[in-house]
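One structure is given here, and the rest of the page talks about it.
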Amino acid sequence: MNIPESGLKRVVIIGAGFGGLQLAKKLRRDKFQVVLINKNNYHTFQPLLYQVATSGLEPDSIAHSVRTIIKKTENFYFRLAQVHRLDSKLRKVHSNIGDLSYDYLIIATGSQTNFFGNSSIERYALPMKSILEALDLRSLILQNFETALLTNDLKERERLMTFVIAGGGPTGVELAGALSELKNFILPRDYPDLDISRMNIHLIQATPCLLDGMSRASADAALDYLKKFGVNVWLNCPVKDYNGQIIYMGNGEEIESANLIWAAGVRGALIDGFEVSSIDRGRLLVDPFNRVKDYDEVFAIGDIAAMKNDKRFPNAHPMTAQPAIQQGVTLAKNLNCLAEGKKMKPFRYIDRGSMATVGRNKAVCDLPWFQFKGFFAWLIWMFIHLVNLVGFRNRMVALTNWIIQYFQYNKSVRLIIRPYHRVQPEKKEKVGLMEN
């Protein structure tokens with residue numbers, strides 16, 4: 001990887017998400033040589049991916065160059081690479097651009113979509129965990145409306161205009177709300193010769209209520225908002241299968257749709273080389289100092305880490321941005337302490353609350369002391385997301401877009417920059433979706 005040798009201990013960080021960036025920025029450069037490895041040269045603000053998918057923001061509004069975030073820093077090196085495997089005995093990582101030795105290794109690879117072993121859903125559904133996937137979804141949405149204009153088959157047209165979201169967490173709720181705004185305010189003007197009222201939006205949740213992890217009051221408020229926006233919400237009803245044309249649900253119902261958006265779960269983005277005893281449900285088991293079980297010099301933070309010593313979270317901390325950020329900061333302090341011969345301090349998660357927006361002037365917010373909803377919660381949601389976006393330009397572009405959309409109901413980035421060619425159902429499944 002062309003990293004120079006130095007007299008400092010080398011810390012290798014894999015992943016430039018929320019946790020990895022915090023750690024890289026706060027480690028002492030007079031004590032460590034820091035090498036950050038990521039498969040992209042940018043950091044993605046994932047909470048706003050759904051806005052890219054629904055034409056609210058361009059991708060460069062929620063992405064920022066890693067080299068720009070951490071610049072003019074001594075003893076820091078960034079490498080664009082895909083790490084394949086860990087060799088703990090030799091203290092090396094193996095990647096597509098070469099091998100690199102380490103003194104301390106931090107796994108901050110985040111999470112990836114969990115299809116729960118269903119190969120058909122994985123083949124035909126659309127995930128939304130990266131900018132590329134969000135752009136694919138944006139293209140498919142617009143392509144399907146263009147295709148719907150060209151068919152006289154009403155059943156086929158409805159199938160193209162039916163959108164099903166599996167997963168009623170924050171991502172699913174926000175995506176359903178954004179699609180309903182497209183249906184109610186944007187698409188009727190874009191497609192005056194198409195009956196947009198035939199567009200259907202379904203949100204399917206496997207558990208009895210939406211927004212698991214938030215208060216029941218917030219879940220009920222989100223459900224009420226979505227129903228008012230015209231979204232069909234299915235509770236306590238898991239998706240069983242999908243063949244590219246028909247969605248089969250746990251209650252025996254079927255929905256014909258060319259669009260299944262999968263937001264039903266995530267799992268840790270593991271790399272090879274870890275013993276089975278160190279892995280639990282797709283995440284790396286860590287102690288209160290974020291050290292991976294059975295690996296003294298390897299740490300894990302964020303979505304990939306499963307810390308089960310916290311009685312408040314017996315199944316590990318939620319796979320969201322806040323635990324990753326806090327673990328990154330704490331681990332940086334602990335490694336700095338190690339370099340000075342001091343003792344490390346155990347991690348303690350501070351729950352600062354959670355929130356989700358459902359649409360224009362509609363959001364729910366759970367703070368440690370109270371819950372609220374509506375317009376004020378929506379303003380809080382916007383402020384928090386703007387503050388946490390990386391880069392002044394990104395904040396200004398996002399704010400400008402939101403202001404324009406608020407007063408004009410105009411999502412101006414309804415562009416098919418690169419057509420998405422979806423996997424077509426096999427002939428033996430007796431389906432006949434049109435080419436997009």
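Residues in the structure tokens are numbered from 1 in each chain, the chains being A, B, ... in the order shown, and ligands are numbered from 1 in the order shown.
For segment 298-313 of chain A, the list of residues within 6 Å, based on only C-alpha atoms and with local chain neighbours fewer than 5 positions off taken out, reads Gly19, Tyr104, Leu105, Ile106, Ile107, Ala108, Gly110, Ser111, Gly268, Arg283, Leu284, Leu285, Val286, Asn290, Arg291, Val292, Met319, Ala324 and Gln327 of chain A.
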Can you list every residue in segment 38-277 of chain A that DSSP puts in alpha helix (DSSP H), as an MDAnalysis selection string? chainID A and resid 49:53 66:69 119:124 131:148 154:160 170:181 187:190 216:228
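The smallest atom-to-atom distance between Leu149 of chain A and any of A:Phe18, A:Pro192, A:Ser101, A:Ala53, using only C-alpha atoms, is found for A:Pro192.
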Could you name the residues that touch segment 90-100 of chain A at 8 Å or less, counting only C-alpha atoms, but leaving out those on the same chain fewer than 5 positions away, as number ranges by chain? A: 1, 81-85
Write out, as a PDB file, in the first residue's frame, the residues just selected, with N, CA and C atoms.
```
ATOM      1  N   MET A   1       0.816  -1.224   0.000  1.00  0.00           N
ATOM      2  CA  MET A   1       0.000   0.000   0.000  1.00  0.00           C
ATOM      3  C   MET A   1       0.844   1.267   0.000  1.00  0.00           C
ATOM      4  N   ALA A  81      -9.448   1.123  -1.082  1.00  0.00           N
ATOM      5  CA  ALA A  81      -9.219  -0.314  -1.230  1.00  0.00           C
ATOM      6  C   ALA A  81     -10.387  -1.092  -0.640  1.00  0.00           C
ATOM      7  N   GLN A  82     -10.460  -2.352  -1.036  1.00  0.00           N
ATOM      8  CA  GLN A  82     -11.434  -3.299  -0.488  1.00  0.00           C
ATOM      9  C   GLN A  82     -10.670  -4.350   0.299  1.00  0.00           C
ATOM     10  N   VAL A  83     -10.857  -4.378   1.609  1.00  0.00           N
ATOM     11  CA  VAL A  83     -10.164  -5.355   2.453  1.00  0.00           C
ATOM     12  C   VAL A  83     -10.902  -6.678   2.379  1.00  0.00           C
ATOM     13  N   HIS A  84     -10.163  -7.739   2.099  1.00  0.00           N
ATOM     14  CA  HIS A  84     -10.769  -9.054   1.933  1.00  0.00           C
ATOM     15  C   HIS A  84     -10.654  -9.929   3.184  1.00  0.00           C
ATOM     16  N   ARG A  85      -9.494  -9.857   3.843  1.00  0.00           N
ATOM     17  CA  ARG A  85      -9.253 -10.843   4.902  1.00  0.00           C
ATOM     18  C   ARG A  85      -8.294 -10.309   5.956  1.00  0.00           C
TER      19      ARG A  85
END
```
Find the nearest atom pair between each residue of segment 343-391 of chain A and segment 172-189 of chain A for residues within 10 Å, count only C-alpha atoms, give distances in Å to one decimal, sort rows by chain and ascending number, and present the table as CSV.
```
residue,atom,partner,partner_atom,distance
A:Ala356,CA,A:Glu174,CA,6.7
A:Thr357,CA,A:Glu174,CA,5.7
A:Val358,CA,A:Gly177,CA,4.8
A:Gly359,CA,A:Gly177,CA,5.2
A:Arg360,CA,A:Glu181,CA,8.0
A:Lys362,CA,A:Gly177,CA,9.3
A:Ala363,CA,A:Glu174,CA,9.2
```
I need the residues from that last selection saved to file as a PDB file, in the first residue's frame (with C-alpha atoms), if you can.
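As a result, part.pdb now contains:
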```pdb
ATOM      1  CA  ALA A 356     -38.170  10.034  11.960  1.00  0.00           C
ATOM      2  CA  THR A 357     -39.815  12.319   9.439  1.00  0.00           C
ATOM      3  CA  VAL A 358     -42.949  11.202   7.650  1.00  0.00           C
ATOM      4  CA  GLY A 359     -43.399  14.111   5.293  1.00  0.00           C
ATOM      5  CA  ARG A 360     -43.966  17.825   5.023  1.00  0.00           C
ATOM      6  CA  LYS A 362     -44.848  15.773   9.923  1.00  0.00           C
ATOM      7  CA  ALA A 363     -42.254  14.024  12.086  1.00  0.00           C
TER       8      ALA A 363
END
```
Leaving out segment 331-343 of chain A and any residue of its chain fewer than 6 positions from it, which residues lie within 6 Å of it when counting only C-alpha atoms, given as an mmCIF file with N, CA and C atoms, in the first residue's frame?
```cif
data_model
loop_
_atom_site.group_PDB
_atom_site.id
_atom_site.type_symbol
_atom_site.label_atom_id
_atom_site.label_comp_id
_atom_site.auth_asym_id
_atom_site.auth_seq_id
_atom_site.Cartn_x
_atom_site.Cartn_y
_atom_site.Cartn_z
ATOM 1 N N LEU A 23 -12.939 8.343 14.914
ATOM 2 C CA LEU A 23 -11.714 7.753 15.448
ATOM 3 C C LEU A 23 -10.487 8.320 14.745
ATOM 4 N N LYS A 26 -9.561 11.908 15.869
ATOM 5 C CA LYS A 26 -9.233 12.192 17.261
ATOM 6 C C LYS A 26 -8.013 11.441 17.793
ATOM 7 N N LEU A 27 -7.462 10.526 17.011
ATOM 8 C CA LEU A 27 -6.240 9.858 17.460
ATOM 9 C C LEU A 27 -5.060 10.825 17.421
#
```
So which residues of segment 107-182 of chain A fall under strand (DSSP E or B) by DSSP, listed as a PyMOL selection string? chain A and resi 107+111-113+126+162-166
Convert the current residue selection to file output with C-alpha atoms, as a compact mmCIF listing (two decimals), in the first residue's frame.
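Below is the file result-v3.txt, written as the result:
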```txt
# COMPACT_ATOMS: atom_id res chain seq x y z
CA ILE A 107 -13.08 -2.71 12.16
CA SER A 111 -23.65 -2.85 7.95
CA GLN A 112 -25.17 -4.29 4.82
CA THR A 113 -28.66 -5.33 3.77
CA LEU A 126 -34.09 -3.20 -4.34
CA THR A 162 -47.25 -0.02 -7.19
CA PHE A 163 -44.41 0.44 -4.70
CA VAL A 164 -43.99 -1.91 -1.76
CA ILE A 165 -41.58 -1.15 1.08
CA ALA A 166 -40.65 -4.02 3.36
```
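The space separating atom CA of Asn251 of chain A from atom CA of Arg123 of chain A comes to 22.6 Å.
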Which neighbours of Arg422 of chain A fall inside 12 Å, counting only C-alpha atoms, when residues of the same chain fewer than 3 positions from it are skipped, and could you give them as JSON, numbers by chain? {"A": [123, 124, 125, 126, 133, 136, 137, 139, 140, 141, 143, 144, 244, 258, 259, 260, 419, 425, 433, 434, 435, 436]}
Given the selection you just returned, output its residues as a file containing N, CA and C atoms, formatted as an mmCIF file, in the first residue's frame.
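Once written, result29.cif looks like this:
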```
data_model
loop_
_atom_site.group_PDB
_atom_site.id
_atom_site.type_symbol
_atom_site.label_atom_id
_atom_site.label_comp_id
_atom_site.auth_asym_id
_atom_site.auth_seq_id
_atom_site.Cartn_x
_atom_site.Cartn_y
_atom_site.Cartn_z
ATOM 1 N N ARG A 123 -32.561 -11.368 -5.108
ATOM 2 C CA ARG A 123 -32.408 -11.242 -6.559
ATOM 3 C C ARG A 123 -33.262 -10.117 -7.138
ATOM 4 N N TYR A 124 -34.497 -9.999 -6.659
ATOM 5 C CA TYR A 124 -35.438 -9.092 -7.311
ATOM 6 C C TYR A 124 -35.730 -7.796 -6.562
ATOM 7 N N ALA A 125 -35.522 -7.771 -5.243
ATOM 8 C CA ALA A 125 -35.838 -6.565 -4.473
ATOM 9 C C ALA A 125 -34.733 -5.527 -4.607
ATOM 10 N N LEU A 126 -35.051 -4.297 -4.271
ATOM 11 C CA LEU A 126 -34.088 -3.202 -4.337
ATOM 12 C C LEU A 126 -33.693 -2.787 -2.925
ATOM 13 N N GLU A 133 -27.104 2.386 -4.801
ATOM 14 C CA GLU A 133 -28.417 1.744 -4.707
ATOM 15 C C GLU A 133 -29.535 2.774 -4.675
ATOM 16 N N ASP A 136 -30.022 3.883 -8.184
ATOM 17 C CA ASP A 136 -30.742 2.844 -8.923
ATOM 18 C C ASP A 136 -32.233 2.932 -8.661
ATOM 19 N N LEU A 137 -32.593 3.133 -7.403
ATOM 20 C CA LEU A 137 -34.004 3.223 -7.041
ATOM 21 C C LEU A 137 -34.646 4.454 -7.672
ATOM 22 N N SER A 139 -33.777 5.957 -10.430
ATOM 23 C CA SER A 139 -33.944 5.692 -11.861
ATOM 24 C C SER A 139 -35.118 4.756 -12.120
ATOM 25 N N LEU A 140 -35.230 3.693 -11.311
ATOM 26 C CA LEU A 140 -36.297 2.723 -11.522
ATOM 27 C C LEU A 140 -37.668 3.353 -11.326
ATOM 28 N N ILE A 141 -37.818 4.193 -10.299
ATOM 29 C CA ILE A 141 -39.094 4.857 -10.058
ATOM 30 C C ILE A 141 -39.511 5.659 -11.292
ATOM 31 N N GLN A 143 -38.238 5.477 -14.411
ATOM 32 C CA GLN A 143 -38.360 4.616 -15.586
ATOM 33 C C GLN A 143 -39.720 3.916 -15.621
ATOM 34 N N ASN A 144 -40.203 3.481 -14.471
ATOM 35 C CA ASN A 144 -41.468 2.756 -14.442
ATOM 36 C C ASN A 144 -42.638 3.642 -14.847
ATOM 37 N N GLY A 244 -40.402 -11.154 -8.413
ATOM 38 C CA GLY A 244 -40.207 -10.086 -9.386
ATOM 39 C C GLY A 244 -41.505 -9.486 -9.860
ATOM 40 N N ALA A 258 -44.056 -4.397 -9.424
ATOM 41 C CA ALA A 258 -42.734 -4.490 -10.047
ATOM 42 C C ALA A 258 -41.662 -3.878 -9.164
ATOM 43 N N ASN A 259 -42.060 -3.424 -7.967
ATOM 44 C CA ASN A 259 -41.126 -2.668 -7.128
ATOM 45 C C ASN A 259 -41.230 -3.093 -5.669
ATOM 46 N N LEU A 260 -40.289 -3.907 -5.229
ATOM 47 C CA LEU A 260 -40.180 -4.221 -3.805
ATOM 48 C C LEU A 260 -38.891 -3.588 -3.289
ATOM 49 N N PRO A 419 -29.636 4.803 -16.614
ATOM 50 C CA PRO A 419 -30.769 3.876 -16.529
ATOM 51 C C PRO A 419 -30.427 2.653 -15.690
ATOM 52 N N PRO A 425 -37.617 -11.332 -14.163
ATOM 53 C CA PRO A 425 -38.066 -12.644 -13.676
ATOM 54 C C PRO A 425 -37.830 -13.724 -14.728
ATOM 55 N N LEU A 433 -42.879 -8.936 -16.999
ATOM 56 C CA LEU A 433 -42.607 -7.524 -16.784
ATOM 57 C C LEU A 433 -41.965 -6.909 -18.018
ATOM 58 N N MET A 434 -42.323 -5.694 -18.296
ATOM 59 C CA MET A 434 -41.757 -5.005 -19.448
ATOM 60 C C MET A 434 -40.339 -4.552 -19.156
ATOM 61 N N GLU A 435 -39.527 -4.482 -20.170
ATOM 62 C CA GLU A 435 -38.159 -3.959 -20.014
ATOM 63 C C GLU A 435 -38.254 -2.470 -19.722
ATOM 64 N N ASN A 436 -37.445 -2.011 -18.780
ATOM 65 C CA ASN A 436 -37.404 -0.579 -18.489
ATOM 66 C C ASN A 436 -36.328 0.069 -19.328
#
```
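All residues of protein, DNA or RNA that reach within 9 Å of Asn38 of chain A, judged by only C-alpha atoms and not counting those fewer than 3 positions away in the chain, are Ile13, Ile14, Gly15, Ala16, Gly17, Asn41, Tyr42, Phe78, Arg79, Leu80, Ala81, Gln82, Val83 and Thr109 of chain A.
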Could you save those same residues with C-alpha atoms as a PDB file, in the first residue's frame?
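Once everything was written out, this is out-v2.pdb:
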```pdb
ATOM      1  CA  ILE A  13      -9.000   1.689  10.437  1.00  0.00           C
ATOM      2  CA  ILE A  14     -11.240  -0.141   7.958  1.00  0.00           C
ATOM      3  CA  GLY A  15     -14.299   1.941   7.123  1.00  0.00           C
ATOM      4  CA  ALA A  16     -14.964   5.673   6.790  1.00  0.00           C
ATOM      5  CA  GLY A  17     -18.434   5.744   8.281  1.00  0.00           C
ATOM      6  CA  ASN A  41     -13.188   7.835  -1.444  1.00  0.00           C
ATOM      7  CA  TYR A  42     -16.138   9.532   0.234  1.00  0.00           C
ATOM      8  CA  PHE A  78      -5.903   7.229   3.247  1.00  0.00           C
ATOM      9  CA  ARG A  79      -6.099   4.321   0.847  1.00  0.00           C
ATOM     10  CA  LEU A  80      -8.954   3.462  -1.518  1.00  0.00           C
ATOM     11  CA  ALA A  81      -9.219  -0.314  -1.230  1.00  0.00           C
ATOM     12  CA  GLN A  82     -11.434  -3.299  -0.488  1.00  0.00           C
ATOM     13  CA  VAL A  83     -10.164  -5.355   2.453  1.00  0.00           C
ATOM     14  CA  THR A 109     -17.125  -1.535   8.206  1.00  0.00           C
TER      15      THR A 109
END
```
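Excluding Phe115 of chain A itself and any same-chain residue fewer than 4 positions from it, the protein and nucleic acid residues within 9 Å of it, counting only C-alpha atoms, are Ser119, Ile121, Glu122, Trp262, Ala264, Gly265 and Val266 of chain A.
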Write the residues of the selection above to a file with N, CA and C atoms, as a PDB file, in the first residue's frame.
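out35.pdb, written as the output of this step:
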```
ATOM      1  N   SER A 119     -33.094 -15.993  -1.237  1.00  0.00           N
ATOM      2  CA  SER A 119     -32.380 -15.690  -2.480  1.00  0.00           C
ATOM      3  C   SER A 119     -33.262 -14.991  -3.513  1.00  0.00           C
ATOM      4  N   ILE A 121     -35.805 -12.872  -2.898  1.00  0.00           N
ATOM      5  CA  ILE A 121     -35.924 -11.466  -2.521  1.00  0.00           C
ATOM      6  C   ILE A 121     -34.607 -10.734  -2.810  1.00  0.00           C
ATOM      7  N   GLU A 122     -33.501 -11.365  -2.514  1.00  0.00           N
ATOM      8  CA  GLU A 122     -32.209 -10.745  -2.790  1.00  0.00           C
ATOM      9  C   GLU A 122     -32.021 -10.497  -4.277  1.00  0.00           C
ATOM     10  N   TRP A 262     -36.426  -3.100  -0.239  1.00  0.00           N
ATOM     11  CA  TRP A 262     -36.131  -3.886   0.954  1.00  0.00           C
ATOM     12  C   TRP A 262     -35.433  -3.031   2.009  1.00  0.00           C
ATOM     13  N   ALA A 264     -35.925  -4.040   5.406  1.00  0.00           N
ATOM     14  CA  ALA A 264     -36.415  -4.857   6.516  1.00  0.00           C
ATOM     15  C   ALA A 264     -35.336  -5.317   7.481  1.00  0.00           C
ATOM     16  N   GLY A 265     -34.092  -4.988   7.228  1.00  0.00           N
ATOM     17  CA  GLY A 265     -33.069  -5.411   8.182  1.00  0.00           C
ATOM     18  C   GLY A 265     -31.663  -5.250   7.648  1.00  0.00           C
ATOM     19  N   VAL A 266     -30.715  -5.202   8.561  1.00  0.00           N
ATOM     20  CA  VAL A 266     -29.305  -5.102   8.199  1.00  0.00           C
ATOM     21  C   VAL A 266     -28.501  -6.086   9.049  1.00  0.00           C
TER      22      VAL A 266
END
```
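Proximity to Asn232 of chain A was assessed for A:Val12, A:Cys209, A:Ala377, A:Ile204 counting only C-alpha atoms; the smallest distance is recorded for A:Ile204.
Taking atom CA of Leu135 of chain A and atom CA of Asp60 of chain A as endpoints, the distance between them is 11.5 Å.
Minimum atom-to-atom distances from A:Ile131, A:Ile201, A:Ile261, A:Leu8 to Val233 of chain A were compared using only C-alpha atoms, and the lowest value belongs to A:Ile201.
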